[in-house]
$ cat upload01.pdb   # PDB, C-alpha atoms
ATOM      1  CA  MET A  63     196.357  51.436 105.821  1.00  0.00           C
ATOM      2  CA  ILE A  64     198.154  48.077 105.820  1.00  0.00           C
ATOM      3  CA  ALA A  65     200.752  47.969 108.635  1.00  0.00           C
ATOM      4  CA  TYR A  66     202.321  44.651 107.656  1.00  0.00           C
ATOM      5  CA  ILE A  67     201.717  41.541 105.568  1.00  0.00           C
ATOM      6  CA  LYS A  68     202.478  38.019 106.777  1.00  0.00           C
ATOM      7  CA  GLY A  69     202.310  35.069 104.430  1.00  0.00           C
ATOM      8  CA  ASN A  70     204.173  32.697 102.121  1.00  0.00           C
ATOM      9  CA  LEU A  71     206.836  34.191  99.832  1.00  0.00           C
ATOM     10  CA  GLU A  72     205.839  33.001  96.356  1.00  0.00           C
ATOM     11  CA  ILE A  73     207.902  35.208  94.026  1.00  0.00           C
ATOM     12  CA  LYS A  74     211.250  36.972  94.383  1.00  0.00           C
ATOM     13  CA  SER A  75     212.531  39.370  91.735  1.00  0.00           C
ATOM     14  CA  LYS A  76     215.168  42.114  91.772  1.00  0.00           C
ATOM     15  CA  GLU A  77     212.663  44.880  92.582  1.00  0.00           C
ATOM     16  CA  TYR A  78     209.674  43.222  94.250  1.00  0.00           C
ATOM     17  CA  ILE A  79     208.278  40.145  95.984  1.00  0.00           C
ATOM     18  CA  VAL A  80     204.844  38.509  95.973  1.00  0.00           C
ATOM     19  CA  ILE A  81     203.436  37.238  99.279  1.00  0.00           C
ATOM     20  CA  ASP A  82     200.471  34.830  99.239  1.00  0.00           C
ATOM     21  CA  VAL A  83     197.958  35.529 102.000  1.00  0.00           C
ATOM     22  CA  GLY A  84     194.892  33.280 101.861  1.00  0.00           C
ATOM     23  CA  GLY A  85     195.098  32.856  98.101  1.00  0.00           C
ATOM     24  CA  ILE A  86     195.689  36.559  97.370  1.00  0.00           C
ATOM     25  CA  GLY A  87     199.106  37.591  96.065  1.00  0.00           C
ATOM     26  CA  TYR A  88     200.405  40.958  97.303  1.00  0.00           C
ATOM     27  CA  LYS A  89     203.066  42.545  95.072  1.00  0.00           C
ATOM     28  CA  ILE A  90     205.433  44.501  97.326  1.00  0.00           C
ATOM     29  CA  PHE A  91     208.337  46.636  96.134  1.00  0.00           C
ATOM     30  CA  MET A  92     211.419  46.366  98.360  1.00  0.00           C
ATOM     31  CA  SER A  93     215.094  47.283  98.420  1.00  0.00           C
ATOM     32  CA  GLU A  94     217.386  44.738  96.787  1.00  0.00           C
ATOM     33  CA  THR A  95     219.178  44.245 100.118  1.00  0.00           C
ATOM     34  CA  ALA A  96     215.927  43.353 101.906  1.00  0.00           C
ATOM     35  CA  ILE A  97     214.779  41.002  99.122  1.00  0.00           C
ATOM     36  CA  ASN A  98     218.086  39.112  99.315  1.00  0.00           C
ATOM     37  CA  GLU A  99     217.455  38.374 103.005  1.00  0.00           C
ATOM     38  CA  LEU A 100     214.129  36.650 102.299  1.00  0.00           C
ATOM     39  CA  GLU A 101     213.801  32.978 101.341  1.00  0.00           C
ATOM     40  CA  LYS A 102     211.338  31.861  98.695  1.00  0.00           C
ATOM     41  CA  GLY A 103     208.748  29.357  99.915  1.00  0.00           C
ATOM     42  CA  LYS A 104     209.031  30.460 103.558  1.00  0.00           C
ATOM     43  CA  GLU A 105     206.571  32.430 105.679  1.00  0.00           C
ATOM     44  CA  VAL A 106     207.661  36.076 105.933  1.00  0.00           C
ATOM     45  CA  LYS A 107     206.451  39.196 107.705  1.00  0.00           C
ATOM     46  CA  VAL A 108     206.977  42.497 105.909  1.00  0.00           C
ATOM     47  CA  PHE A 109     206.179  45.983 107.225  1.00  0.00           C
ATOM     48  CA  THR A 110     204.430  47.980 104.520  1.00  0.00           C
ATOM     49  CA  TYR A 111     203.818  51.478 103.229  1.00  0.00           C
ATOM     50  CA  MET A 112     200.924  51.995 100.811  1.00  0.00           C
ATOM     51  CA  ARG A 113     201.439  54.800  98.315  1.00  0.00           C
ATOM     52  CA  VAL A 114     198.283  56.038  96.609  1.00  0.00           C
ATOM     53  CA  ARG A 115     198.514  58.244  93.523  1.00  0.00           C
ATOM     54  CA  GLU A 116     195.974  59.186  90.866  1.00  0.00           C
ATOM     55  CA  ASP A 117     197.186  56.537  88.425  1.00  0.00           C
ATOM     56  CA  ASP A 118     198.766  53.999  90.776  1.00  0.00           C
ATOM     57  CA  VAL A 119     198.446  52.227  94.135  1.00  0.00           C
ATOM     58  CA  SER A 120     201.658  50.515  95.254  1.00  0.00           C
ATOM     59  CA  LEU A 121     202.888  48.641  98.326  1.00  0.00           C
ATOM     60  CA  TYR A 122     206.447  49.080  99.592  1.00  0.00           C
ATOM     61  CA  GLY A 123     207.923  46.599 102.042  1.00  0.00           C
ATOM     62  CA  PHE A 124     210.541  46.658 104.813  1.00  0.00           C
ATOM     63  CA  LEU A 125     212.131  44.093 107.107  1.00  0.00           C
ATOM     64  CA  ASN A 126     211.875  46.314 110.190  1.00  0.00           C
ATOM     65  CA  ASN A 127     210.379  49.546 111.465  1.00  0.00           C
ATOM     66  CA  GLU A 128     213.655  51.500 111.106  1.00  0.00           C
ATOM     67  CA  GLU A 129     213.699  50.877 107.343  1.00  0.00           C
ATOM     68  CA  LEU A 130     210.062  51.978 107.103  1.00  0.00           C
ATOM     69  CA  VAL A 131     210.705  55.182 109.092  1.00  0.00           C
ATOM     70  CA  THR A 132     213.777  55.971 106.965  1.00  0.00           C
ATOM     71  CA  PHE A 133     211.728  55.435 103.786  1.00  0.00           C
ATOM     72  CA  GLU A 134     208.988  57.788 105.031  1.00  0.00           C
ATOM     73  CA  LEU A 135     211.588  60.407 105.985  1.00  0.00           C
ATOM     74  CA  LEU A 136     213.166  60.209 102.526  1.00  0.00           C
ATOM     75  CA  LEU A 137     209.774  60.611 100.803  1.00  0.00           C
ATOM     76  CA  GLY A 138     209.376  63.871 102.734  1.00  0.00           C
ATOM     77  CA  VAL A 139     212.524  65.309 101.156  1.00  0.00           C
ATOM     78  CA  GLY A 140     211.955  67.304  97.971  1.00  0.00           C
ATOM     79  CA  GLY A 141     213.162  65.529  94.829  1.00  0.00           C
ATOM     80  CA  ILE A 142     213.212  62.000  96.298  1.00  0.00           C
ATOM     81  CA  GLY A 143     210.578  59.532  95.137  1.00  0.00           C
ATOM     82  CA  ALA A 144     209.760  55.994  96.215  1.00  0.00           C
ATOM     83  CA  LYS A 145     212.176  54.302  93.792  1.00  0.00           C
ATOM     84  CA  SER A 146     215.023  56.585  94.841  1.00  0.00           C
ATOM     85  CA  ALA A 147     214.251  55.939  98.522  1.00  0.00           C
ATOM     86  CA  LEU A 148     214.359  52.146  97.963  1.00  0.00           C
ATOM     87  CA  SER A 149     217.626  52.506  96.057  1.00  0.00           C
ATOM     88  CA  ILE A 150     219.093  54.440  98.985  1.00  0.00           C
ATOM     89  CA  LEU A 151     217.947  51.730 101.434  1.00  0.00           C
ATOM     90  CA  SER A 152     219.694  49.147  99.224  1.00  0.00           C
ATOM     91  CA  ASN A 153     222.981  50.938  99.838  1.00  0.00           C
ATOM     92  CA  ILE A 154     222.901  52.151 103.457  1.00  0.00           C
ATOM     93  CA  THR A 155     221.485  50.890 106.754  1.00  0.00           C
ATOM     94  CA  PRO A 156     219.005  53.069 108.677  1.00  0.00           C
ATOM     95  CA  SER A 157     221.549  53.530 111.505  1.00  0.00           C
ATOM     96  CA  LYS A 158     224.313  54.698 109.122  1.00  0.00           C
ATOM     97  CA  PHE A 159     221.846  56.979 107.327  1.00  0.00           C
ATOM     98  CA  ALA A 160     220.673  58.571 110.583  1.00  0.00           C
ATOM     99  CA  LEU A 161     224.289  59.001 111.705  1.00  0.00           C
ATOM    100  CA  ALA A 162     225.167  60.711 108.401  1.00  0.00           C
ATOM    101  CA  VAL A 163     222.240  63.115 108.834  1.00  0.00           C
ATOM    102  CA  ILE A 164     223.035  64.153 112.406  1.00  0.00           C
ATOM    103  CA  SER A 165     226.787  64.426 111.744  1.00  0.00           C
ATOM    104  CA  ASN A 166     226.311  66.491 108.540  1.00  0.00           C
ATOM    105  CA  ASP A 167     228.213  63.854 106.550  1.00  0.00           C
ATOM    106  CA  VAL A 168     227.521  64.990 102.982  1.00  0.00           C
ATOM    107  CA  ALA A 169     230.317  62.718 101.674  1.00  0.00           C
ATOM    108  CA  ILE A 170     228.543  59.531 102.828  1.00  0.00           C
ATOM    109  CA  LEU A 171     225.203  60.623 101.373  1.00  0.00           C
ATOM    110  CA  LYS A 172     226.816  61.623  98.061  1.00  0.00           C
ATOM    111  CA  LYS A 173     227.986  58.031  97.587  1.00  0.00           C
ATOM    112  CA  LEU A 174     224.362  56.864  97.442  1.00  0.00           C
ATOM    113  CA  PRO A 175     222.880  56.301  93.948  1.00  0.00           C
ATOM    114  CA  GLY A 176     221.129  59.343  92.520  1.00  0.00           C
ATOM    115  CA  ILE A 177     222.242  61.629  95.353  1.00  0.00           C
ATOM    116  CA  GLY A 178     224.355  64.643  94.434  1.00  0.00           C
ATOM    117  CA  ALA A 179     225.835  67.283  96.713  1.00  0.00           C
ATOM    118  CA  LYS A 180     222.721  69.506  96.635  1.00  0.00           C
ATOM    119  CA  THR A 181     220.330  66.644  97.395  1.00  0.00           C
ATOM    120  CA  ALA A 182     222.610  65.404 100.200  1.00  0.00           C
ATOM    121  CA  GLN A 183     222.608  68.876 101.760  1.00  0.00           C
ATOM    122  CA  ARG A 184     218.813  69.091 101.365  1.00  0.00           C
ATOM    123  CA  ILE A 185     218.374  65.709 103.114  1.00  0.00           C
ATOM    124  CA  ILE A 186     220.481  66.868 106.061  1.00  0.00           C
ATOM    125  CA  LEU A 187     218.797  70.277 106.287  1.00  0.00           C
ATOM    126  CA  GLU A 188     215.213  69.015 106.046  1.00  0.00           C
ATOM    127  CA  LEU A 189     215.588  65.956 108.275  1.00  0.00           C
ATOM    128  CA  LYS A 190     217.603  67.686 111.001  1.00  0.00           C
ATOM    129  CA  ASP A 191     215.049  70.509 111.094  1.00  0.00           C
ATOM    130  CA  LYS A 192     212.212  67.989 111.315  1.00  0.00           C
ATOM    131  CA  MET A 193     214.003  66.203 114.147  1.00  0.00           C
ATOM    132  CA  LYS A 194     214.510  69.471 116.053  1.00  0.00           C
ATOM    133  CA  ASN A 195     210.833  70.391 115.641  1.00  0.00           C
ATOM    134  CA  GLU A 196     209.739  66.981 116.973  1.00  0.00           C
ATOM    135  CA  ASP A 197     212.096  67.363 119.933  1.00  0.00           C
ATOM    136  CA  ALA A 198     210.646  70.802 120.702  1.00  0.00           C
ATOM    137  CA  LEU A 199     207.083  69.439 120.624  1.00  0.00           C
ATOM    138  CA  GLU A 200     208.064  66.601 122.888  1.00  0.00           C
ATOM    139  CA  LEU A 201     209.716  68.914 125.383  1.00  0.00           C
ATOM    140  CA  ASP A 202     206.601  71.105 125.447  1.00  0.00           C
ATOM    141  CA  ASN A 203     204.488  68.068 126.339  1.00  0.00           C
ATOM    142  CA  THR A 204     206.775  66.808 129.092  1.00  0.00           C
ATOM    143  CA  ASN A 205     205.856  67.835 132.618  1.00  0.00           C
ATOM    144  CA  THR A 206     208.814  66.236 134.345  1.00  0.00           C
ATOM    145  CA  LYS A 207     212.407  66.784 133.329  1.00  0.00           C
ATOM    146  CA  VAL A 208     214.662  63.747 133.057  1.00  0.00           C
ATOM    147  CA  GLU A 209     218.247  64.860 133.420  1.00  0.00           C
ATOM    148  CA  ILE A 210     220.941  62.731 131.856  1.00  0.00           C
ATOM    149  CA  VAL A 211     224.535  63.671 131.169  1.00  0.00           C
ATOM    150  CA  LEU A 212     225.606  62.420 127.754  1.00  0.00           C
ATOM    151  CA  ASP A 213     229.060  62.387 126.205  1.00  0.00           C
ATOM    152  CA  ASN A 214     229.448  63.435 122.558  1.00  0.00           C
ATOM    153  CA  LYS A 215     229.118  59.883 121.198  1.00  0.00           C
ATOM    154  CA  ALA A 216     225.944  59.261 123.189  1.00  0.00           C
ATOM    155  CA  LYS A 217     224.513  62.603 122.020  1.00  0.00           C
ATOM    156  CA  ASP A 218     225.161  61.687 118.378  1.00  0.00           C
ATOM    157  CA  ALA A 219     223.617  58.248 118.906  1.00  0.00           C
ATOM    158  CA  SER A 220     220.628  59.833 120.663  1.00  0.00           C
ATOM    159  CA  GLU A 221     220.028  62.209 117.739  1.00  0.00           C
ATOM    160  CA  ALA A 222     220.358  59.355 115.223  1.00  0.00           C
ATOM    161  CA  LEU A 223     217.802  57.241 117.100  1.00  0.00           C
ATOM    162  CA  SER A 224     215.547  60.292 117.190  1.00  0.00           C
ATOM    163  CA  VAL A 225     215.816  60.554 113.382  1.00  0.00           C
ATOM    164  CA  LEU A 226     214.622  56.932 113.245  1.00  0.00           C
ATOM    165  CA  GLY A 227     211.434  57.897 115.092  1.00  0.00           C
ATOM    166  CA  TYR A 228     212.089  57.021 118.740  1.00  0.00           C
ATOM    167  CA  THR A 229     211.101  59.393 121.547  1.00  0.00           C
ATOM    168  CA  ARG A 230     213.679  61.179 123.717  1.00  0.00           C
ATOM    169  CA  LYS A 231     212.300  59.492 126.822  1.00  0.00           C
ATOM    170  CA  ASP A 232     212.712  55.974 125.371  1.00  0.00           C
ATOM    171  CA  ILE A 233     216.188  56.830 124.066  1.00  0.00           C
ATOM    172  CA  GLU A 234     217.352  58.154 127.440  1.00  0.00           C
ATOM    173  CA  ILE A 235     216.127  54.996 129.224  1.00  0.00           C
ATOM    174  CA  VAL A 236     218.007  52.804 126.723  1.00  0.00           C
ATOM    175  CA  LEU A 237     221.241  54.827 126.810  1.00  0.00           C
ATOM    176  CA  GLU A 238     221.423  54.391 130.574  1.00  0.00           C
ATOM    177  CA  LYS A 239     221.741  50.615 129.942  1.00  0.00           C
ATOM    178  CA  ILE A 240     224.606  50.938 127.448  1.00  0.00           C
ATOM    179  CA  ASN A 241     228.298  51.452 128.238  1.00  0.00           C
ATOM    180  CA  THR A 242     228.725  54.262 125.698  1.00  0.00           C
ATOM    181  CA  LYS A 243     232.363  55.027 126.555  1.00  0.00           C
ATOM    182  CA  GLU A 244     233.714  51.788 125.072  1.00  0.00           C
ATOM    183  CA  LEU A 245     231.600  51.776 121.888  1.00  0.00           C
ATOM    184  CA  THR A 246     231.615  53.726 118.612  1.00  0.00           C
ATOM    185  CA  VAL A 247     228.578  55.866 117.754  1.00  0.00           C
ATOM    186  CA  GLU A 248     227.331  53.257 115.278  1.00  0.00           C
ATOM    187  CA  GLU A 249     227.740  50.472 117.863  1.00  0.00           C
ATOM    188  CA  ILE A 250     225.749  52.542 120.379  1.00  0.00           C
ATOM    189  CA  ILE A 251     222.995  53.000 117.780  1.00  0.00           C
ATOM    190  CA  LYS A 252     222.917  49.253 117.028  1.00  0.00           C
ATOM    191  CA  GLN A 253     222.764  48.395 120.745  1.00  0.00           C
ATOM    192  CA  GLY A 254     220.013  50.991 121.194  1.00  0.00           C
ATOM    193  CA  LEU A 255     217.973  49.482 118.350  1.00  0.00           C
ATOM    194  CA  LYS A 256     218.188  46.045 120.004  1.00  0.00           C
ATOM    195  CA  TYR A 257     216.774  47.433 123.240  1.00  0.00           C
ATOM    196  CA  LEU A 258     214.146  49.463 121.396  1.00  0.00           C
ATOM    197  CA  GLY A 259     212.621  46.406 119.795  1.00  0.00           C
ATOM    198  CA  ARG A 260     214.873  44.917 117.150  1.00  0.00           C
TER
END
$ encode --input "upload01.pdb" --output "structure tokens"
Amino acid sequence: MIAYIKGNLEIKSKEYIVIDVGGIGYKIFMSETAINELEKGKEVKVFTYMRVREDDVSLYGFLNNEELVTFELLLGVGGIGAKSALSILSNITPSKFALAVISNDVAILKKLPGIGAKTAQRIILELKDKMKNEDALELDNTNTKVEIVLDNKAKDASEALSVLGYTRKDIEIVLEKINTKELTVEEIIKQGLKYLGR
């Protein structure tokens, strides 16, 4: 598995880029939004997901780990393929997507290309269930209880960060550093992502 590729950006198109690494050009499919942030001729670092099928091996690229996690989550939802997932990432940030999932915001998800009401509801159902299962596993493996009192905004932000793949323990540590009362849920998520490595 290739975790990331770092090299010179040789080609930019609407759907993919080509990065030269030691004379080998890697064709990487990315969201249009991510491609627009990259500059041709410069050294770039792109997180990658390799998809292997019977008739095709493709690389998909992301500017940060949150985009990669969101892409992997979307691939796990029935009826959403790699192209659809990239199209979704071209139209919504990982933080806004996670917030829509945990707040059951079907209206936001329906605005995304190729996503109807049924698919939006399926995304919310499948991803929230997955998040709850991961939380349960984590609680089972925790010997010491960390008690933290969260207001509603902090709870929503905590669940959204959990959707993006961060552990409850890490999230709780970060939320203690943020003044959640004066921020919106999305601002709390963005602040949390900065502390968690962005």
$ resolve_selection --input "upload01.pdb" --expression "the PyMOL selection byres ((chain A and resi 103) around 12)" --output "number ranges by chain"
A: 69-74, 79-82, 100-102, 104-106
$ atom_distance --input "upload01.pdb" --atom1 "atom CA of Leu136 of chain A" --atom2 "atom CA of Leu121 of chain A"
16.0 Å
$ residues_around --input "upload01.pdb" --residues "segment 225-227 of chain A" --least-positions-apart "6" --cutoff "8 Å" --atoms "only C-alpha atoms" --output "compact mmCIF listing (two decimals) with C-alpha atoms, in the coordinates of the input"
# COMPACT_ATOMS: atom_id res chain seq x y z
CA GLU A 128 213.66 51.50 111.11
CA VAL A 131 210.70 55.18 109.09
CA THR A 132 213.78 55.97 106.96
CA PRO A 156 219.00 53.07 108.68
CA SER A 157 221.55 53.53 111.50
CA ALA A 160 220.67 58.57 110.58
CA LEU A 189 215.59 65.96 108.28
CA LYS A 190 217.60 67.69 111.00
CA MET A 193 214.00 66.20 114.15
$ resolve_selection --input "upload01.pdb" --expression "the PyMOL selection byres ((chain A and resi 241-256) around 10)" --output "PyMOL selection string"
chain A and resi 128+156-158+160-161+212-223+226+228+232-240+257-260
$ closest_atom_pairs --input "upload01.pdb" --of "segment 72-155 of chain A" --to "segment 167-184 of chain A" --cutoff "7 Å" --atoms "all atoms listed in the file" --output "JSON lines"
{"residue": "A:Ser149", "atom": "CA", "partner": "A:Pro175", "partner_atom": "CA", "distance": 6.8}
{"residue": "A:Ile150", "atom": "CA", "partner": "A:Leu174", "partner_atom": "CA", "distance": 6.0}
{"residue": "A:Asn153", "atom": "CA", "partner": "A:Leu174", "partner_atom": "CA", "distance": 6.5}
$ residues_around --input "upload01.pdb" --residues "Ser152 of chain A" --least-positions-apart "3" --cutoff "12 Å" --atoms "all atoms listed in the file" --output "compact mmCIF listing (two decimals) with C-alpha atoms, keeping the file's coordinate frame"
# COMPACT_ATOMS: atom_id res chain seq x y z
CA LYS A 76 215.17 42.11 91.77
CA GLU A 77 212.66 44.88 92.58
CA MET A 92 211.42 46.37 98.36
CA SER A 93 215.09 47.28 98.42
CA GLU A 94 217.39 44.74 96.79
CA THR A 95 219.18 44.24 100.12
CA ALA A 96 215.93 43.35 101.91
CA ILE A 97 214.78 41.00 99.12
CA ASN A 98 218.09 39.11 99.32
CA GLU A 99 217.46 38.37 103.00
CA PHE A 124 210.54 46.66 104.81
CA GLU A 129 213.70 50.88 107.34
CA THR A 132 213.78 55.97 106.96
CA PHE A 133 211.73 55.44 103.79
CA LYS A 145 212.18 54.30 93.79
CA SER A 146 215.02 56.58 94.84
CA ALA A 147 214.25 55.94 98.52
CA LEU A 148 214.36 52.15 97.96
CA SER A 149 217.63 52.51 96.06
CA THR A 155 221.48 50.89 106.75
CA PRO A 156 219.00 53.07 108.68
CA PHE A 159 221.85 56.98 107.33
CA LEU A 174 224.36 56.86 97.44
CA PRO A 175 222.88 56.30 93.95
$ atom_distance --input "upload01.pdb" --atom1 "atom CA of Leu135 of chain A" --atom2 "atom CA of Val83 of chain A"
28.6 Å
$ atom_distance --input "upload01.pdb" --atom1 "atom CA of Asp118 of chain A" --atom2 "atom CA of Ile86 of chain A"
18.9 Å
$ residues_around --input "upload01.pdb" --residues "Phe109 of chain A" --least-positions-apart "6" --cutoff "7 Å" --atoms "only C-alpha atoms" --output "MDAnalysis selection string"
chainID A and resid 65:67 123:127
